[in-house]
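Colleague: Here you go, coords-v5.txt (compact mmCIF, C-alpha atoms):
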# COMPACT_ATOMS: atom_id res chain seq x y z
CA MET A 67 -132.34 -129.08 -120.45
CA PHE A 68 -133.73 -130.72 -123.58
CA GLU A 69 -132.66 -128.11 -126.14
CA ARG A 70 -129.77 -130.25 -127.40
CA PHE A 71 -131.70 -133.51 -127.37
CA THR A 72 -132.39 -135.02 -130.77
CA GLU A 73 -135.96 -135.42 -131.95
CA ARG A 74 -135.76 -139.13 -131.16
CA ALA A 75 -134.29 -138.56 -127.69
CA ARG A 76 -137.07 -136.08 -126.90
CA ARG A 77 -139.56 -138.65 -128.10
CA VAL A 78 -138.06 -141.16 -125.66
CA ILE A 79 -138.67 -138.70 -122.81
CA ILE A 80 -142.27 -138.26 -123.95
CA LEU A 81 -142.68 -142.03 -124.10
CA ALA A 82 -141.15 -142.34 -120.62
CA ARG A 83 -143.84 -139.99 -119.30
CA GLU A 84 -146.48 -142.07 -121.07
CA GLU A 85 -145.09 -145.22 -119.45
CA ALA A 86 -145.31 -143.57 -116.03
CA GLY A 87 -148.93 -142.74 -116.81
CA ARG A 88 -149.63 -146.28 -118.00
CA PHE A 89 -148.47 -147.65 -114.66
CA ARG A 90 -150.26 -144.82 -112.80
CA HIS A 91 -147.03 -143.68 -111.17
CA ASP A 92 -146.59 -140.17 -109.81
CA PHE A 93 -142.96 -140.02 -110.94
CA VAL A 94 -140.80 -140.63 -114.01
CA GLY A 95 -137.97 -142.95 -113.05
CA THR A 96 -135.06 -144.59 -114.81
CA GLU A 97 -137.29 -147.60 -115.44
CA HIS A 98 -139.69 -145.47 -117.46
CA ILE A 99 -136.81 -143.97 -119.46
CA LEU A 100 -135.62 -147.48 -120.31
CA LEU A 101 -139.14 -148.44 -121.36
CA GLY A 102 -139.23 -145.29 -123.49
CA LEU A 103 -136.02 -146.35 -125.24
CA ILE A 104 -137.49 -149.79 -125.92
CA ARG A 105 -140.81 -148.40 -127.15
CA ASP A 106 -139.00 -146.10 -129.58
CA GLY A 107 -137.21 -149.19 -130.83
CA GLU A 108 -135.27 -147.62 -133.70
CA GLY A 109 -132.55 -145.50 -132.13
CA ILE A 110 -128.89 -146.28 -131.62
CA ALA A 111 -129.59 -147.26 -128.01
CA THR A 112 -131.78 -150.23 -128.91
CA ALA A 113 -129.39 -151.21 -131.69
CA VAL A 114 -126.59 -151.32 -129.10
CA LEU A 115 -128.62 -153.53 -126.77
CA GLN A 116 -129.45 -155.92 -129.58
CA ARG A 117 -125.82 -156.09 -130.70
CA LEU A 118 -124.95 -157.06 -127.13
CA GLY A 119 -127.36 -159.98 -127.40
CA LEU A 120 -130.20 -158.53 -125.34
CA ARG A 121 -133.76 -159.12 -126.54
CA LEU A 122 -135.85 -155.97 -126.19
CA GLU A 123 -138.90 -158.03 -125.24
CA THR A 124 -136.95 -159.59 -122.37
CA VAL A 125 -135.72 -156.22 -121.13
CA LYS A 126 -139.24 -154.82 -121.27
CA ALA A 127 -140.66 -157.80 -119.37
CA GLU A 128 -138.04 -157.47 -116.63
CA VAL A 129 -138.72 -153.75 -116.21
CA GLU A 130 -142.48 -154.28 -116.09
CA ARG A 131 -142.01 -157.04 -113.52
CA ALA A 132 -139.97 -154.68 -111.35
CA LEU A 133 -142.60 -151.95 -111.66
CA ALA A 134 -145.51 -154.24 -110.82
CA GLY A 135 -145.04 -153.80 -107.08
CA PHE A 136 -144.95 -150.01 -107.11
CA PRO A 137 -148.02 -148.24 -105.66
CA LYS A 138 -150.44 -146.76 -108.17
CA THR A 139 -151.83 -143.25 -107.82
CA LEU A 140 -154.17 -140.97 -109.73
CA THR A 141 -152.09 -138.04 -110.97
CA PHE A 142 -152.86 -134.84 -112.82
CA GLY A 143 -150.47 -132.66 -114.77
CA GLU A 144 -146.83 -133.36 -115.52
CA VAL A 145 -145.23 -135.81 -113.11
CA PRO A 146 -141.66 -135.05 -111.93
CA PHE A 147 -138.47 -136.95 -112.60
CA THR A 148 -136.98 -138.87 -109.69
CA PRO A 149 -133.53 -137.75 -108.48
CA GLN A 150 -131.99 -140.81 -110.16
CA ALA A 151 -133.74 -140.02 -113.45
CA LYS A 152 -132.49 -136.43 -113.27
CA ARG A 153 -129.02 -137.80 -112.64
CA VAL A 154 -129.33 -140.00 -115.73
CA LEU A 155 -130.21 -136.97 -117.85
CA GLU A 156 -127.21 -135.09 -116.46
CA LEU A 157 -124.93 -138.07 -117.12
CA SER A 158 -126.22 -138.39 -120.67
CA ILE A 159 -125.23 -134.78 -121.30
CA GLU A 160 -121.82 -135.47 -119.76
CA GLU A 161 -121.35 -138.57 -121.92
CA ALA A 162 -122.16 -136.55 -125.04
CA ARG A 163 -119.64 -133.91 -123.99
CA GLN A 164 -116.91 -136.49 -123.44
CA LEU A 165 -117.63 -138.00 -126.84
CA GLY A 166 -117.30 -134.59 -128.45
CA HIS A 167 -120.95 -134.56 -129.53
CA ASN A 168 -122.98 -131.36 -129.46
CA TYR A 169 -126.27 -133.25 -129.30
CA ILE A 170 -127.81 -135.79 -126.94
CA GLY A 171 -129.24 -138.89 -128.59
CA THR A 172 -130.72 -142.16 -127.42
CA GLU A 173 -127.22 -143.61 -127.18
CA HIS A 174 -126.26 -140.99 -124.61
CA LEU A 175 -129.42 -141.70 -122.62
CA LEU A 176 -128.47 -145.39 -122.54
CA LEU A 177 -124.94 -144.56 -121.42
CA GLY A 178 -126.40 -142.29 -118.73
CA LEU A 179 -128.63 -145.11 -117.51
CA MET A 180 -125.69 -147.49 -117.30
CA LYS A 181 -123.34 -144.99 -115.71
CA GLU A 182 -125.81 -144.09 -112.94
CA GLY A 183 -125.36 -147.67 -111.82
CA GLN A 184 -127.62 -147.84 -108.76
CA SER A 185 -130.99 -147.47 -110.46
CA ILE A 186 -133.41 -150.31 -111.15
CA ALA A 187 -132.92 -149.80 -114.90
CA ALA A 188 -129.14 -150.15 -114.65
CA LYS A 189 -129.38 -153.22 -112.43
CA ILE A 190 -131.82 -154.89 -114.83
CA LEU A 191 -129.52 -154.26 -117.79
CA GLU A 192 -126.54 -155.56 -115.82
CA SER A 193 -128.48 -158.66 -114.74
CA LEU A 194 -129.12 -159.38 -118.42
CA GLY A 195 -125.43 -159.10 -119.23
CA ALA A 196 -124.93 -155.47 -120.25
CA ARG A 197 -121.80 -153.70 -118.99
CA LEU A 198 -121.02 -150.00 -119.21
CA ASP A 199 -117.74 -150.44 -121.07
CA GLU A 200 -119.33 -152.80 -123.59
CA VAL A 201 -122.28 -150.47 -124.12
CA ARG A 202 -119.87 -147.61 -124.72
CA GLN A 203 -117.74 -149.59 -127.18
CA GLU A 204 -120.77 -150.76 -129.15
CA THR A 205 -122.06 -147.20 -129.21
CA LEU A 206 -118.77 -145.97 -130.62
CA ALA A 207 -118.73 -148.76 -133.17
CA LEU A 208 -122.18 -147.80 -134.41
CA LEU A 209 -121.23 -144.14 -134.51
CA GLY A 210 -118.07 -144.92 -136.44
CA ASP A 211 -115.64 -143.74 -133.78
CA GLN A 212 -112.54 -145.79 -133.03
CA TYR A 213 -111.57 -144.68 -129.54
CA TYR A 214 -112.96 -142.98 -126.44
CA PRO A 215 -112.96 -140.18 -125.66
CA ARG A 216 -112.63 -138.53 -129.03
CA PRO A 217 -110.57 -135.34 -128.89
CA LYS A 218 -112.71 -132.34 -129.58
CA LYS A 219 -111.65 -130.08 -132.39
CA ARG A 220 -111.32 -126.46 -131.44
CA SER A 221 -114.59 -124.85 -132.40
CA GLN A 222 -114.69 -121.55 -134.21
CA THR A 223 -117.97 -120.75 -132.44
CA PRO A 224 -117.51 -121.96 -128.83
CA VAL A 225 -120.10 -119.64 -127.29
CA LEU A 226 -122.71 -120.41 -129.93
CA ASP A 227 -122.08 -124.13 -129.44
CA GLU A 228 -123.31 -123.83 -125.85
CA PHE A 229 -126.75 -122.74 -127.03
CA ALA A 230 -127.21 -124.17 -130.52
CA ARG A 231 -126.49 -127.18 -132.71
CA ASP A 232 -125.00 -127.12 -136.22
CA LEU A 233 -127.78 -129.03 -137.95
CA THR A 234 -126.07 -128.98 -141.33
CA GLN A 235 -123.03 -130.67 -139.79
CA LEU A 236 -125.25 -133.27 -138.13
CA ALA A 237 -126.91 -133.82 -141.52
CA ARG A 238 -123.50 -134.34 -143.15
CA GLU A 239 -122.72 -136.94 -140.49
CA ASN A 240 -126.10 -138.68 -141.01
CA LYS A 241 -127.05 -138.03 -137.40
CA LEU A 242 -130.50 -136.64 -138.17
CA ASP A 243 -133.55 -138.82 -138.58
CA PRO A 244 -135.31 -138.75 -141.97
CA VAL A 245 -138.08 -136.15 -142.09
CA ILE A 246 -141.32 -137.49 -143.54
CA GLY A 247 -144.54 -135.63 -144.28
CA ARG A 248 -143.15 -132.10 -143.86
CA GLU A 249 -142.42 -131.29 -147.51
CA THR A 250 -144.94 -128.44 -147.70
CA GLU A 251 -143.63 -126.70 -144.57
CA ILE A 252 -139.99 -127.13 -145.62
CA GLU A 253 -140.71 -125.73 -149.09
CA ARG A 254 -142.44 -122.73 -147.53
CA VAL A 255 -139.45 -122.04 -145.26
CA ILE A 256 -137.13 -122.23 -148.29
CA GLN A 257 -139.34 -119.78 -150.20
CA ILE A 258 -139.25 -117.29 -147.34
CA LEU A 259 -135.48 -117.59 -146.88
CA ALA A 260 -134.95 -117.01 -150.60
CA ARG A 261 -136.85 -113.71 -150.63
CA ARG A 262 -134.91 -110.47 -150.87
CA THR A 263 -136.90 -108.88 -148.05
CA LYS A 264 -138.89 -110.14 -145.07
CA ASN A 265 -136.92 -113.36 -145.23
CA ASN A 266 -137.00 -114.46 -141.59
CA PRO A 267 -139.37 -117.42 -141.10
CA VAL A 268 -140.68 -118.04 -137.58
CA LEU A 269 -141.92 -121.49 -136.58
CA ILE A 270 -144.56 -121.36 -133.86
CA GLY A 271 -146.33 -124.23 -132.13
CA GLU A 272 -146.68 -126.32 -129.02
CA PRO A 273 -143.77 -128.58 -127.98
CA GLY A 274 -143.73 -131.82 -129.94
CA VAL A 275 -145.61 -130.66 -133.05
CA GLY A 276 -142.53 -130.97 -135.26
CA LYS A 277 -140.90 -127.53 -135.46
CA THR A 278 -137.42 -129.00 -135.08
CA ALA A 279 -138.16 -131.64 -137.71
CA ILE A 280 -138.87 -128.91 -140.27
CA VAL A 281 -135.51 -127.26 -139.60
CA GLU A 282 -133.73 -130.61 -139.67
CA GLY A 283 -135.39 -131.34 -143.00
CA LEU A 284 -134.13 -128.00 -144.30
CA ALA A 285 -130.60 -128.82 -143.10
CA GLN A 286 -130.72 -132.14 -144.91
CA ARG A 287 -131.81 -130.43 -148.12
CA ILE A 288 -129.01 -127.88 -147.82
CA VAL A 289 -126.42 -130.63 -147.41
CA GLY A 290 -127.99 -132.55 -150.30
CA HIS A 291 -127.86 -129.45 -152.54
CA GLU A 292 -131.65 -129.54 -152.89
CA VAL A 293 -132.18 -125.82 -152.32
CA PRO A 294 -131.96 -122.92 -154.78
CA ASP A 295 -128.84 -120.76 -154.96
CA VAL A 296 -129.45 -117.36 -153.38
How does this structure look as structure tokens?
Modeller:
Amino acid sequence: MFERFTERARRVIILAREEAGRFRHDFVGTEHILLGLIRDGEGIATAVLQRLGLRLETVKAEVERALAGFPKTLTFGEVPFTPQAKRVLELSIEEARQLGHNYIGTEHLLLGLMKEGQSIAAKILESLGARLDEVRQETLALLGDQYYPRPKKRSQTPVLDEFARDLTQLARENKLDPVIGRETEIERVIQILARRTKNNPVLIGEPGVGKTAIVEGLAQRIVGHEVPDV
């Protein structure tokens, strides 16, 4: 499910799991996803909330107050998403599709939270003054769109689009986060790609170690004409 999620959106999911662990909950709910968005603090989602006049500290306090009464358990392994949280993830993918985006970012997660409507997270945001249509409009304003939904251009690679993202296009649109501290790995990938033979680099590692960041850094260099001509 998370293949098309941006690095930041995946980080939010990781943070949501950490929040569930912090509260000793045996589930990951919409409340934890909202806390993950707030903890990340730098994505489009939090920028939208702030532009709507919501203070992140206030949102966090309200969520933590709501979670205080939940029973605590000792859990081992990866805790599951609640049905509502799964629905939020599905809605975030749907929101991205309607916007014509081939990636899922923090803004889509926020829209998914709001659109689900019946969750604690959505009700907290609504109680603080957030409304789905306003969240969507602010999201579009930050993304530079002028109307919703944006008509999708006919893709020349429709099948490939179902399984992959055009990272160079995302780099051109400034939709990739800056990559810091991966210069050595990116240079090595460029060297391998520039060879005449045996020029297929393979990035191996556990989830979350930064494999995607290396490729995104390469895409940014390609768009910035910072790679050798081959």
Colleague: With distances taken over all atoms listed in the file, which residue among A:Gly195, A:Pro294, A:Gly171, A:Gly143 lies nearest Glu73 in chain A?
Modeller: A:Gly171
Colleague: Here is a test: counting all atoms listed in the file, which residue of A:Glu84, A:Glu123, A:Glu204, A:Asp243 is nearest to Thr278 in chain A?
Modeller: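 Of A:Glu84, A:Glu123, A:Glu204, A:Asp243, the one nearest Thr278 in chain A is A:Asp243, counting all atoms listed in the file.
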Colleague: Skip Phe68 in chain A itself and residues of its chain fewer than 5 positions away, then list as a VMD selection string all residues within 9 Å of it, counting all atoms listed in the file.
Modeller: chain A and resid 75 to 76 170
Colleague: Could you tell me how far CA of Thr223 in chain A sits from CA of Thr72 in chain A, in Å to one decimal place?
Modeller: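 Computing it gives 20.4 Å between the two atoms.
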Colleague: Considering all atoms listed in the file, can you say which of A:Leu122, A:Val201, A:Leu155, A:Ile190 comes closest to Glu108 in chain A?
Modeller: A:Leu122
Colleague: So which residues are close to (-133.3, -121.8, -152.3), meaning at most 10 Å away in the file's coordinates with all atoms listed in the file counted, and can you show them as a PyMOL selection string?
Modeller: chain A and resi 253+255-261+287-288+291-296
Colleague: Pull C-alpha atoms from the residues just selected and write them as a PDB file, keeping the file's coordinate frame.
Modeller:
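New file out.pdb:
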ATOM      1  CA  GLU A 253    -140.710-125.730-149.090  1.00  0.00           C
ATOM      2  CA  VAL A 255    -139.450-122.040-145.260  1.00  0.00           C
ATOM      3  CA  ILE A 256    -137.130-122.230-148.290  1.00  0.00           C
ATOM      4  CA  GLN A 257    -139.340-119.780-150.200  1.00  0.00           C
ATOM      5  CA  ILE A 258    -139.250-117.290-147.340  1.00  0.00           C
ATOM      6  CA  LEU A 259    -135.480-117.590-146.880  1.00  0.00           C
ATOM      7  CA  ALA A 260    -134.950-117.010-150.600  1.00  0.00           C
ATOM      8  CA  ARG A 261    -136.850-113.710-150.630  1.00  0.00           C
ATOM      9  CA  ARG A 287    -131.810-130.430-148.120  1.00  0.00           C
ATOM     10  CA  ILE A 288    -129.010-127.880-147.820  1.00  0.00           C
ATOM     11  CA  HIS A 291    -127.860-129.450-152.540  1.00  0.00           C
ATOM     12  CA  GLU A 292    -131.650-129.540-152.890  1.00  0.00           C
ATOM     13  CA  VAL A 293    -132.180-125.820-152.320  1.00  0.00           C
ATOM     14  CA  PRO A 294    -131.960-122.920-154.780  1.00  0.00           C
ATOM     15  CA  ASP A 295    -128.840-120.760-154.960  1.00  0.00           C
ATOM     16  CA  VAL A 296    -129.450-117.360-153.380  1.00  0.00           C
TER      17      VAL A 296
END
Colleague: Within 12 Å of Arg197 in chain A, counting only C-alpha atoms, which residues qualify if same-chain residues fewer than 2 places away don't, as a PyMOL selection string?
Modeller: chain A and resi 114-115+118-120+176-177+179-181+183+188-195+199-204
Colleague: Can you tell me which residues surround range 246-252 of chain A at a distance of at most 9 Å, considering only C-alpha atoms, apart from same-chain residues fewer than 2 positions away, and format the answer as number ranges by chain?
Modeller: A: 244, 254-257, 276, 279-281, 283-284
Colleague: At a cut-off of 10 Å around the point (-144.5, -148.6, -110.8) (file coordinates), what residues fall inside when counting only C-alpha atoms? I'd like the answer as a VMD selection string.
Modeller: chain A and resid 85 to 95 97 to 98 129 to 139
Colleague: Kindly indicate which residue among A:Glu239, A:Glu69, A:Glu144, A:Glu182 lies nearest to Ser158 in chain A, using only C-alpha atoms for the distances.
Modeller: A:Glu182
Colleague: State, in Å with one decimal place, the distance from CA of His174 in chain A to CA of Glu272 in chain A.
Modeller: 25.5 Å
Colleague: Would you mind reading off the distance between CA of Ala285 in chain A and CA of Thr234 in chain A, one decimal, in Å?
Modeller: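 The value is 4.9 Å.
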Colleague: Of the candidates A:Gln150, A:Asn168, A:Ser185, A:Gln116, which one gets nearest to Leu226 in chain A if we count all atoms listed in the file?
Modeller: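 Answer, going by the shortest atom-to-atom distance: A:Asn168.
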Colleague: Which one of A:Leu100, A:Leu198, A:Ala230, A:Leu209 sits closest to Leu175 in chain A if you count all atoms listed in the file?
Modeller: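 Of all the options, A:Leu100 lies closest to Leu175 in chain A.
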Colleague: Using the atoms already present, construct N, CA and C atoms for range 150-167 of chain A and hand them back as a PDB file, keeping the file's coordinate frame.
Modeller:
ATOM      1  N   GLN A 150    -132.832-139.933-109.336  1.00  0.00           N
ATOM      2  CA  GLN A 150    -131.990-140.810-110.160  1.00  0.00           C
ATOM      3  C   GLN A 150    -132.212-140.546-111.639  1.00  0.00           C
ATOM      4  N   ALA A 151    -133.462-140.312-112.040  1.00  0.00           N
ATOM      5  CA  ALA A 151    -133.740-140.020-113.450  1.00  0.00           C
ATOM      6  C   ALA A 151    -133.096-138.704-113.865  1.00  0.00           C
ATOM      7  N   LYS A 152    -133.163-137.702-112.980  1.00  0.00           N
ATOM      8  CA  LYS A 152    -132.490-136.430-113.270  1.00  0.00           C
ATOM      9  C   LYS A 152    -130.991-136.646-113.420  1.00  0.00           C
ATOM     10  N   ARG A 153    -130.446-137.505-112.570  1.00  0.00           N
ATOM     11  CA  ARG A 153    -129.020-137.800-112.640  1.00  0.00           C
ATOM     12  C   ARG A 153    -128.673-138.469-113.975  1.00  0.00           C
ATOM     13  N   VAL A 154    -129.542-139.345-114.438  1.00  0.00           N
ATOM     14  CA  VAL A 154    -129.330-140.000-115.730  1.00  0.00           C
ATOM     15  C   VAL A 154    -129.290-138.976-116.855  1.00  0.00           C
ATOM     16  N   LEU A 155    -130.198-138.015-116.821  1.00  0.00           N
ATOM     17  CA  LEU A 155    -130.210-136.970-117.850  1.00  0.00           C
ATOM     18  C   LEU A 155    -128.923-136.162-117.806  1.00  0.00           C
ATOM     19  N   GLU A 156    -128.466-135.838-116.603  1.00  0.00           N
ATOM     20  CA  GLU A 156    -127.210-135.090-116.460  1.00  0.00           C
ATOM     21  C   GLU A 156    -126.029-135.915-116.974  1.00  0.00           C
ATOM     22  N   LEU A 157    -126.021-137.206-116.665  1.00  0.00           N
ATOM     23  CA  LEU A 157    -124.930-138.070-117.120  1.00  0.00           C
ATOM     24  C   LEU A 157    -124.952-138.249-118.627  1.00  0.00           C
ATOM     25  N   SER A 158    -126.144-138.262-119.216  1.00  0.00           N
ATOM     26  CA  SER A 158    -126.220-138.390-120.670  1.00  0.00           C
ATOM     27  C   SER A 158    -125.613-137.169-121.354  1.00  0.00           C
ATOM     28  N   ILE A 159    -125.842-135.996-120.770  1.00  0.00           N
ATOM     29  CA  ILE A 159    -125.230-134.780-121.300  1.00  0.00           C
ATOM     30  C   ILE A 159    -123.715-134.837-121.146  1.00  0.00           C
ATOM     31  N   GLU A 160    -123.256-135.344-120.000  1.00  0.00           N
ATOM     32  CA  GLU A 160    -121.820-135.470-119.760  1.00  0.00           C
ATOM     33  C   GLU A 160    -121.185-136.482-120.723  1.00  0.00           C
ATOM     34  N   GLU A 161    -121.867-137.586-120.975  1.00  0.00           N
ATOM     35  CA  GLU A 161    -121.350-138.570-121.920  1.00  0.00           C
ATOM     36  C   GLU A 161    -121.221-137.967-123.313  1.00  0.00           C
ATOM     37  N   ALA A 162    -122.221-137.202-123.723  1.00  0.00           N
ATOM     38  CA  ALA A 162    -122.160-136.550-125.040  1.00  0.00           C
ATOM     39  C   ALA A 162    -120.975-135.591-125.100  1.00  0.00           C
ATOM     40  N   ARG A 163    -120.755-134.853-124.025  1.00  0.00           N
ATOM     41  CA  ARG A 163    -119.640-133.910-123.990  1.00  0.00           C
ATOM     42  C   ARG A 163    -118.308-134.636-124.117  1.00  0.00           C
ATOM     43  N   GLN A 164    -118.153-135.736-123.387  1.00  0.00           N
ATOM     44  CA  GLN A 164    -116.910-136.490-123.440  1.00  0.00           C
ATOM     45  C   GLN A 164    -116.672-137.112-124.807  1.00  0.00           C
ATOM     46  N   LEU A 165    -117.750-137.441-125.497  1.00  0.00           N
ATOM     47  CA  LEU A 165    -117.630-138.000-126.840  1.00  0.00           C
ATOM     48  C   LEU A 165    -117.395-136.927-127.894  1.00  0.00           C
ATOM     49  N   GLY A 166    -117.471-135.666-127.492  1.00  0.00           N
ATOM     50  CA  GLY A 166    -117.300-134.590-128.450  1.00  0.00           C
ATOM     51  C   GLY A 166    -118.538-134.327-129.281  1.00  0.00           C
ATOM     52  N   HIS A 167    -119.701-134.752-128.796  1.00  0.00           N
ATOM     53  CA  HIS A 167    -120.950-134.560-129.530  1.00  0.00           C
ATOM     54  C   HIS A 167    -121.684-133.335-128.995  1.00  0.00           C
TER      55      HIS A 167
END
